[in-house]
Amino acid sequence: MLACVGDTKKGMIWDHVDLERSFIRLSGKKTKSGEGRVLKLHPRVAQMLAELLRVKGEDRVFLKDGQPFDEFKHAYTTAVKVAGLGDFTFHDLRHCAINNMRLAGNDYFKIMAQSGHKTTSVFKRYNLVTEEELNDTKRL
């Protein structure tokens with residue numbers, strides 16, 4: 001794991017972003033578990049990050065009106081309301097991402113490495129198999 005500079009700051013900084021290889025690298029100071037993690041960027045997310053305007057002298061990735069901000073709860077709540085998602089919490093994004101990686105055919109080990117889950121029992125709580133998926137059950 002590469003060390004990240006500026007880990008004492010809130011938010012993601014450009015030193016965490018590796019656009020050349022399409023990764024975000026987080027040191028243990030930035031994760032709940034205290035252990036570093038490497039996240040593979042979706043190609044569209046990598047493209048969006050590459051197109052973000054970097055403000056001279058500011059190492060934060062996400063800015064509002066060119067200034068760093070620490071609170072995005074209001075913006076998230078507004079976005080959920082505008083999208084008509086009902087009771088969709090920020091943590092639900094984690095469930096969706098994990099399920100989407102599984103449905104895309106990634107093995108549990110790759111998904112667990114990115115999500116930070118250490119045990120399959122905790123990881124399995126995030127995997128909700130739908131009736132539609134059960135309809136695709138293969139038989140010999």
# chains A, B, ... in the order shown; residues from 1 in each chain; ligands from 1

$ residues_around --residues "A:Leu26" --least-positions-apart "3" --cutoff "6 Å" --atoms "only C-alpha atoms" --output "list in words"
Lys30, Gly36 and Arg37 of chain A

$ residues_around --residues "stretch 83-100 of chain A" --least-positions-apart "4" --cutoff "10 Å" --atoms "only C-alpha atoms" --output "PyMOL selection string"
chain A and resi 73+76-79+104-106+108+111-112+114-115+123-129

$ residues_around --residues "A:Lys56" --least-positions-apart "3" --cutoff "10 Å" --atoms "only C-alpha atoms" --output "list in words"
Leu53, Asp59 and Gly66 of chain A

$ select_by_dssp --residues "stretch 4-128 of chain A" --states "alpha helix (DSSP H)" --output "short mmCIF file (atom, residue, chain, number, x, y, z; two decimals) with all heavy atoms, in the first residue's frame"
data_model
loop_
_atom_site.label_atom_id
_atom_site.label_comp_id
_atom_site.auth_asym_id
_atom_site.auth_seq_id
_atom_site.Cartn_x
_atom_site.Cartn_y
_atom_site.Cartn_z
N PRO A 43 -14.60 3.15 -14.88
CA PRO A 43 -14.08 4.03 -15.94
C PRO A 43 -14.78 5.38 -16.04
O PRO A 43 -14.13 6.40 -16.27
CB PRO A 43 -14.31 3.21 -17.22
CG PRO A 43 -14.30 1.79 -16.76
CD PRO A 43 -14.91 1.80 -15.39
N ARG A 44 -16.10 5.42 -15.82
CA ARG A 44 -16.81 6.71 -15.89
C ARG A 44 -16.41 7.63 -14.73
O ARG A 44 -16.30 8.84 -14.90
CB ARG A 44 -18.32 6.50 -15.91
CG ARG A 44 -18.81 5.98 -17.25
CD ARG A 44 -20.30 5.90 -17.29
NE ARG A 44 -20.74 4.80 -16.42
CZ ARG A 44 -21.97 4.38 -16.31
NH1 ARG A 44 -22.93 4.97 -16.98
NH2 ARG A 44 -22.27 3.37 -15.51
N VAL A 45 -16.18 7.04 -13.56
CA VAL A 45 -15.76 7.84 -12.40
C VAL A 45 -14.34 8.36 -12.64
O VAL A 45 -14.05 9.53 -12.38
CB VAL A 45 -15.83 7.03 -11.09
CG1 VAL A 45 -15.24 7.82 -9.93
CG2 VAL A 45 -17.27 6.62 -10.80
N ALA A 46 -13.48 7.52 -13.17
CA ALA A 46 -12.10 7.96 -13.48
C ALA A 46 -12.14 9.11 -14.48
O ALA A 46 -11.40 10.09 -14.32
CB ALA A 46 -11.29 6.79 -14.03
N GLN A 47 -13.00 9.02 -15.48
CA GLN A 47 -13.13 10.10 -16.48
C GLN A 47 -13.62 11.38 -15.83
O GLN A 47 -13.11 12.47 -16.11
CB GLN A 47 -14.06 9.67 -17.61
CG GLN A 47 -14.19 10.70 -18.71
CD GLN A 47 -12.87 10.97 -19.41
OE1 GLN A 47 -12.09 10.06 -19.66
NE2 GLN A 47 -12.62 12.23 -19.72
N MET A 48 -14.63 11.27 -14.95
CA MET A 48 -15.15 12.46 -14.27
C MET A 48 -14.07 13.11 -13.41
O MET A 48 -13.93 14.34 -13.40
CB MET A 48 -16.36 12.10 -13.42
CG MET A 48 -17.61 11.88 -14.22
SD MET A 48 -19.05 11.67 -13.15
CE MET A 48 -19.32 9.93 -13.34
N LEU A 49 -13.30 12.28 -12.69
CA LEU A 49 -12.23 12.84 -11.86
C LEU A 49 -11.18 13.52 -12.72
O LEU A 49 -10.66 14.58 -12.37
CB LEU A 49 -11.60 11.74 -11.00
CG LEU A 49 -12.43 11.24 -9.84
CD1 LEU A 49 -11.77 10.03 -9.18
CD2 LEU A 49 -12.66 12.34 -8.81
N ALA A 50 -10.87 12.93 -13.86
CA ALA A 50 -9.86 13.51 -14.76
C ALA A 50 -10.33 14.87 -15.28
O ALA A 50 -9.49 15.74 -15.56
CB ALA A 50 -9.58 12.55 -15.92
N GLU A 51 -11.63 15.05 -15.40
CA GLU A 51 -12.17 16.30 -15.93
C GLU A 51 -12.40 17.37 -14.87
O GLU A 51 -12.69 18.52 -15.21
CB GLU A 51 -13.48 16.02 -16.67
CG GLU A 51 -13.28 15.20 -17.93
CD GLU A 51 -14.57 14.74 -18.57
OE1 GLU A 51 -15.66 15.06 -18.02
OE2 GLU A 51 -14.50 14.05 -19.59
N LYS A 73 -24.14 16.22 3.93
CA LYS A 73 -25.39 15.53 4.27
C LYS A 73 -26.59 16.21 3.63
O LYS A 73 -27.47 15.54 3.08
CB LYS A 73 -25.54 15.46 5.79
CG LYS A 73 -26.74 14.65 6.22
CD LYS A 73 -26.80 14.53 7.74
CE LYS A 73 -27.96 13.67 8.15
NZ LYS A 73 -28.04 13.49 9.60
N HIS A 74 -26.64 17.53 3.69
CA HIS A 74 -27.78 18.27 3.12
C HIS A 74 -27.85 18.03 1.61
O HIS A 74 -28.93 17.79 1.06
CB HIS A 74 -27.68 19.75 3.43
CG HIS A 74 -28.79 20.56 2.84
ND1 HIS A 74 -30.08 20.50 3.31
CD2 HIS A 74 -28.80 21.42 1.80
CE1 HIS A 74 -30.84 21.30 2.59
NE2 HIS A 74 -30.09 21.87 1.67
N ALA A 75 -26.71 18.09 0.94
CA ALA A 75 -26.69 17.88 -0.52
C ALA A 75 -27.14 16.46 -0.85
O ALA A 75 -27.89 16.25 -1.81
CB ALA A 75 -25.30 18.16 -1.07
N TYR A 76 -26.68 15.48 -0.07
CA TYR A 76 -27.08 14.09 -0.32
C TYR A 76 -28.59 13.93 -0.12
O TYR A 76 -29.28 13.34 -0.96
CB TYR A 76 -26.32 13.14 0.60
CG TYR A 76 -26.75 11.70 0.39
CD1 TYR A 76 -26.25 10.97 -0.67
CD2 TYR A 76 -27.69 11.11 1.21
CE1 TYR A 76 -26.67 9.67 -0.90
CE2 TYR A 76 -28.13 9.82 0.99
CZ TYR A 76 -27.60 9.10 -0.06
OH TYR A 76 -28.03 7.82 -0.30
N THR A 77 -29.12 14.47 0.97
CA THR A 77 -30.55 14.36 1.26
C THR A 77 -31.37 15.00 0.15
O THR A 77 -32.39 14.45 -0.28
CB THR A 77 -30.86 15.03 2.62
OG1 THR A 77 -30.06 14.41 3.63
CG2 THR A 77 -32.32 14.91 2.99
N THR A 78 -30.94 16.16 -0.33
CA THR A 78 -31.63 16.84 -1.42
C THR A 78 -31.60 15.99 -2.69
O THR A 78 -32.61 15.85 -3.38
CB THR A 78 -31.00 18.22 -1.68
OG1 THR A 78 -31.09 18.99 -0.48
CG2 THR A 78 -31.70 18.94 -2.81
N ALA A 79 -30.44 15.41 -3.01
CA ALA A 79 -30.31 14.58 -4.22
C ALA A 79 -31.22 13.36 -4.15
O ALA A 79 -31.86 13.00 -5.14
CB ALA A 79 -28.85 14.15 -4.40
N VAL A 80 -31.31 12.74 -2.99
CA VAL A 80 -32.18 11.57 -2.81
C VAL A 80 -33.64 11.97 -3.01
O VAL A 80 -34.41 11.27 -3.68
CB VAL A 80 -31.97 10.92 -1.42
CG1 VAL A 80 -33.06 9.92 -1.10
CG2 VAL A 80 -30.60 10.25 -1.36
N LYS A 81 -34.01 13.13 -2.45
CA LYS A 81 -35.39 13.61 -2.58
C LYS A 81 -35.71 13.93 -4.05
O LYS A 81 -36.75 13.52 -4.56
CB LYS A 81 -35.59 14.86 -1.72
CG LYS A 81 -37.03 15.32 -1.64
CD LYS A 81 -37.17 16.55 -0.77
CE LYS A 81 -36.95 16.17 0.67
NZ LYS A 81 -37.20 17.29 1.61
N VAL A 82 -34.82 14.63 -4.73
CA VAL A 82 -35.03 15.00 -6.13
C VAL A 82 -35.13 13.75 -7.01
O VAL A 82 -35.93 13.68 -7.94
CB VAL A 82 -33.91 15.93 -6.63
CG1 VAL A 82 -33.94 16.10 -8.14
CG2 VAL A 82 -34.00 17.29 -5.94
N ALA A 83 -34.32 12.73 -6.70
CA ALA A 83 -34.33 11.49 -7.48
C ALA A 83 -35.52 10.60 -7.14
O ALA A 83 -35.76 9.61 -7.83
CB ALA A 83 -33.03 10.73 -7.25
N PHE A 90 -27.16 7.01 2.96
CA PHE A 90 -25.83 7.02 2.37
C PHE A 90 -25.22 5.62 2.43
O PHE A 90 -24.56 5.17 1.51
CB PHE A 90 -24.94 8.03 3.11
CG PHE A 90 -23.63 8.28 2.41
CD1 PHE A 90 -23.57 9.06 1.27
CD2 PHE A 90 -22.47 7.71 2.90
CE1 PHE A 90 -22.37 9.28 0.62
CE2 PHE A 90 -21.26 7.93 2.25
CZ PHE A 90 -21.22 8.71 1.12
N HIS A 91 -25.49 4.91 3.52
CA HIS A 91 -24.96 3.54 3.68
C HIS A 91 -25.55 2.58 2.65
O HIS A 91 -24.92 1.59 2.28
CB HIS A 91 -25.23 3.04 5.10
CG HIS A 91 -24.46 1.83 5.46
ND1 HIS A 91 -23.10 1.85 5.72
CD2 HIS A 91 -24.84 0.54 5.59
CE1 HIS A 91 -22.69 0.63 5.98
NE2 HIS A 91 -23.73 -0.19 5.92
N ASP A 92 -26.76 2.88 2.16
CA ASP A 92 -27.35 2.04 1.11
C ASP A 92 -26.50 2.03 -0.15
O ASP A 92 -26.54 1.07 -0.92
CB ASP A 92 -28.77 2.53 0.78
CG ASP A 92 -29.76 2.27 1.90
OD1 ASP A 92 -29.55 1.30 2.67
OD2 ASP A 92 -30.75 3.02 2.01
N LEU A 93 -25.74 3.09 -0.37
CA LEU A 93 -24.84 3.12 -1.53
C LEU A 93 -23.82 1.99 -1.45
O LEU A 93 -23.44 1.40 -2.46
CB LEU A 93 -24.12 4.47 -1.61
CG LEU A 93 -24.99 5.67 -1.92
CD1 LEU A 93 -24.18 6.95 -1.75
CD2 LEU A 93 -25.59 5.58 -3.31
N ARG A 94 -23.37 1.69 -0.23
CA ARG A 94 -22.41 0.60 -0.02
C ARG A 94 -23.04 -0.74 -0.41
O ARG A 94 -22.43 -1.56 -1.09
CB ARG A 94 -21.96 0.61 1.44
CG ARG A 94 -20.93 -0.43 1.81
CD ARG A 94 -20.57 -0.20 3.28
NE ARG A 94 -19.74 -1.24 3.81
CZ ARG A 94 -18.41 -1.21 3.85
NH1 ARG A 94 -17.77 -0.19 3.36
NH2 ARG A 94 -17.74 -2.21 4.38
N HIS A 95 -24.28 -0.96 0.05
CA HIS A 95 -25.00 -2.19 -0.30
C HIS A 95 -25.12 -2.31 -1.82
O HIS A 95 -24.87 -3.37 -2.39
CB HIS A 95 -26.41 -2.20 0.31
CG HIS A 95 -26.43 -2.53 1.76
ND1 HIS A 95 -26.51 -3.81 2.23
CD2 HIS A 95 -26.39 -1.73 2.85
CE1 HIS A 95 -26.52 -3.79 3.55
NE2 HIS A 95 -26.45 -2.55 3.95
N CYS A 96 -25.52 -1.23 -2.46
CA CYS A 96 -25.68 -1.24 -3.92
C CYS A 96 -24.37 -1.54 -4.63
O CYS A 96 -24.33 -2.36 -5.56
CB CYS A 96 -26.22 0.10 -4.40
SG CYS A 96 -27.94 0.37 -3.99
N ALA A 97 -23.31 -0.89 -4.21
CA ALA A 97 -22.01 -1.10 -4.86
C ALA A 97 -21.55 -2.55 -4.73
O ALA A 97 -21.09 -3.16 -5.70
CB ALA A 97 -20.96 -0.15 -4.26
N ILE A 98 -21.69 -3.10 -3.54
CA ILE A 98 -21.26 -4.49 -3.30
C ILE A 98 -22.11 -5.45 -4.13
O ILE A 98 -21.57 -6.36 -4.77
CB ILE A 98 -21.32 -4.81 -1.80
CG1 ILE A 98 -20.19 -4.06 -1.08
CG2 ILE A 98 -21.22 -6.31 -1.55
CD1 ILE A 98 -20.28 -4.08 0.43
N ASN A 99 -23.42 -5.25 -4.14
CA ASN A 99 -24.28 -6.12 -4.95
C ASN A 99 -23.98 -5.96 -6.44
O ASN A 99 -23.95 -6.95 -7.18
CB ASN A 99 -25.76 -5.83 -4.69
CG ASN A 99 -26.31 -6.69 -3.59
OD1 ASN A 99 -26.15 -7.91 -3.60
ND2 ASN A 99 -26.94 -6.07 -2.62
N ASN A 100 -23.77 -4.74 -6.90
CA ASN A 100 -23.47 -4.52 -8.31
C ASN A 100 -22.15 -5.17 -8.72
O ASN A 100 -22.04 -5.73 -9.82
CB ASN A 100 -23.47 -3.03 -8.65
CG ASN A 100 -24.85 -2.44 -8.66
OD1 ASN A 100 -25.85 -3.15 -8.76
ND2 ASN A 100 -24.93 -1.12 -8.54
N MET A 101 -21.15 -5.12 -7.85
CA MET A 101 -19.88 -5.79 -8.16
C MET A 101 -20.08 -7.31 -8.25
O MET A 101 -19.52 -7.97 -9.12
CB MET A 101 -18.81 -5.44 -7.12
CG MET A 101 -18.24 -4.05 -7.31
SD MET A 101 -16.80 -3.72 -6.26
CE MET A 101 -17.58 -3.28 -4.74
N ARG A 102 -20.91 -7.85 -7.34
CA ARG A 102 -21.19 -9.29 -7.37
C ARG A 102 -21.95 -9.67 -8.64
O ARG A 102 -21.60 -10.61 -9.33
CB ARG A 102 -21.99 -9.70 -6.13
CG ARG A 102 -22.35 -11.20 -6.10
CD ARG A 102 -23.19 -11.56 -4.89
NE ARG A 102 -24.43 -10.80 -4.78
CZ ARG A 102 -25.54 -11.06 -5.48
NH1 ARG A 102 -25.59 -12.05 -6.33
NH2 ARG A 102 -26.63 -10.32 -5.29
N LEU A 103 -22.98 -8.90 -8.97
CA LEU A 103 -23.78 -9.17 -10.16
C LEU A 103 -22.96 -9.04 -11.45
O LEU A 103 -23.27 -9.69 -12.45
CB LEU A 103 -25.00 -8.25 -10.21
CG LEU A 103 -26.06 -8.52 -9.15
CD1 LEU A 103 -27.10 -7.40 -9.13
CD2 LEU A 103 -26.71 -9.87 -9.36
N TYR A 108 -15.84 -12.86 -4.55
CA TYR A 108 -15.97 -12.28 -3.22
C TYR A 108 -14.66 -11.67 -2.72
O TYR A 108 -14.67 -10.66 -2.04
CB TYR A 108 -16.46 -13.33 -2.22
CG TYR A 108 -17.94 -13.62 -2.27
CD1 TYR A 108 -18.74 -13.17 -3.31
CD2 TYR A 108 -18.54 -14.33 -1.26
CE1 TYR A 108 -20.09 -13.44 -3.35
CE2 TYR A 108 -19.90 -14.62 -1.30
CZ TYR A 108 -20.67 -14.16 -2.34
OH TYR A 108 -22.01 -14.43 -2.37
N PHE A 109 -13.55 -12.27 -3.05
CA PHE A 109 -12.27 -11.78 -2.56
C PHE A 109 -11.96 -10.37 -3.08
O PHE A 109 -11.51 -9.51 -2.33
CB PHE A 109 -11.14 -12.75 -2.92
CG PHE A 109 -11.31 -14.10 -2.29
CD1 PHE A 109 -11.72 -15.17 -3.06
CD2 PHE A 109 -11.12 -14.29 -0.94
CE1 PHE A 109 -11.90 -16.42 -2.49
CE2 PHE A 109 -11.31 -15.53 -0.35
CZ PHE A 109 -11.71 -16.60 -1.13
N LYS A 110 -12.24 -10.13 -4.35
CA LYS A 110 -12.01 -8.80 -4.92
C LYS A 110 -12.95 -7.78 -4.29
O LYS A 110 -12.55 -6.66 -3.97
CB LYS A 110 -12.22 -8.82 -6.43
CG LYS A 110 -11.13 -9.51 -7.20
CD LYS A 110 -11.43 -9.49 -8.68
CE LYS A 110 -10.41 -10.30 -9.45
NZ LYS A 110 -10.78 -10.41 -10.87
N ILE A 111 -14.21 -8.17 -4.13
CA ILE A 111 -15.19 -7.24 -3.56
C ILE A 111 -14.83 -6.94 -2.10
O ILE A 111 -14.87 -5.79 -1.67
CB ILE A 111 -16.61 -7.80 -3.67
CG1 ILE A 111 -16.96 -8.06 -5.15
CG2 ILE A 111 -17.61 -6.83 -3.04
CD1 ILE A 111 -18.24 -8.86 -5.34
N MET A 112 -14.49 -7.97 -1.35
CA MET A 112 -14.14 -7.78 0.07
C MET A 112 -12.90 -6.90 0.22
O MET A 112 -12.82 -6.10 1.15
CB MET A 112 -13.94 -9.13 0.75
CG MET A 112 -15.24 -9.88 0.97
SD MET A 112 -15.01 -11.55 1.62
CE MET A 112 -14.35 -11.19 3.25
N ALA A 113 -11.95 -7.02 -0.69
CA ALA A 113 -10.74 -6.20 -0.63
C ALA A 113 -11.09 -4.72 -0.77
O ALA A 113 -10.51 -3.87 -0.11
CB ALA A 113 -9.75 -6.62 -1.71
N GLN A 114 -12.06 -4.43 -1.62
CA GLN A 114 -12.43 -3.03 -1.83
C GLN A 114 -13.38 -2.52 -0.76
O GLN A 114 -13.32 -1.36 -0.38
CB GLN A 114 -13.07 -2.86 -3.22
CG GLN A 114 -12.07 -3.08 -4.33
CD GLN A 114 -12.58 -2.59 -5.65
OE1 GLN A 114 -12.51 -1.40 -5.92
NE2 GLN A 114 -13.10 -3.50 -6.44
N SER A 115 -14.26 -3.38 -0.26
CA SER A 115 -15.23 -2.94 0.74
C SER A 115 -14.64 -2.92 2.14
O SER A 115 -15.21 -2.30 3.04
CB SER A 115 -16.47 -3.83 0.71
OG SER A 115 -16.17 -5.14 1.13
N THR A 120 -16.39 -13.30 5.72
CA THR A 120 -17.48 -13.53 4.77
C THR A 120 -18.84 -13.41 5.45
O THR A 120 -19.81 -13.03 4.81
CB THR A 120 -17.36 -14.91 4.10
OG1 THR A 120 -17.27 -15.92 5.10
CG2 THR A 120 -16.16 -14.97 3.18
N SER A 121 -18.91 -13.68 6.76
CA SER A 121 -20.21 -13.59 7.45
C SER A 121 -20.72 -12.15 7.43
O SER A 121 -21.91 -11.92 7.18
CB SER A 121 -20.12 -14.13 8.87
OG SER A 121 -19.19 -13.40 9.62
N VAL A 122 -19.86 -11.18 7.69
CA VAL A 122 -20.28 -9.78 7.66
C VAL A 122 -20.52 -9.36 6.21
O VAL A 122 -21.51 -8.69 5.89
CB VAL A 122 -19.23 -8.87 8.33
CG1 VAL A 122 -19.60 -7.40 8.16
CG2 VAL A 122 -19.10 -9.21 9.80
N PHE A 123 -19.66 -9.77 5.32
CA PHE A 123 -19.78 -9.44 3.90
C PHE A 123 -21.11 -9.93 3.32
O PHE A 123 -21.77 -9.23 2.56
CB PHE A 123 -18.61 -10.05 3.14
CG PHE A 123 -18.71 -9.94 1.64
CD1 PHE A 123 -18.53 -8.73 1.01
CD2 PHE A 123 -19.00 -11.06 0.88
CE1 PHE A 123 -18.62 -8.62 -0.36
CE2 PHE A 123 -19.10 -10.96 -0.49
CZ PHE A 123 -18.91 -9.74 -1.12
N LYS A 124 -21.54 -11.11 3.72
CA LYS A 124 -22.77 -11.70 3.17
C LYS A 124 -24.01 -10.90 3.55
O LYS A 124 -25.02 -10.96 2.85
CB LYS A 124 -22.91 -13.15 3.61
CG LYS A 124 -21.96 -14.07 2.87
CD LYS A 124 -22.12 -15.51 3.32
CE LYS A 124 -21.15 -16.41 2.60
NZ LYS A 124 -21.28 -17.80 3.05
#

$ atom_distance --atom1 "atom CA of A:Val61" --atom2 "atom CA of A:His16"
9.2 Å

$ closest_residue --among "A:Met12, A:Thr130, A:Lys64, A:Thr137" --to "A:Ser27" --atoms "only C-alpha atoms"
A:Met12

$ atom_distance --atom1 "atom CA of A:Leu39" --atom2 "atom CA of A:Val17"
9.7 Å

$ closest_residue --among "A:Glu132, A:Asp18, A:Asp107, A:Ile13" --to "A:Arg54" --atoms "only C-alpha atoms"
A:Ile13
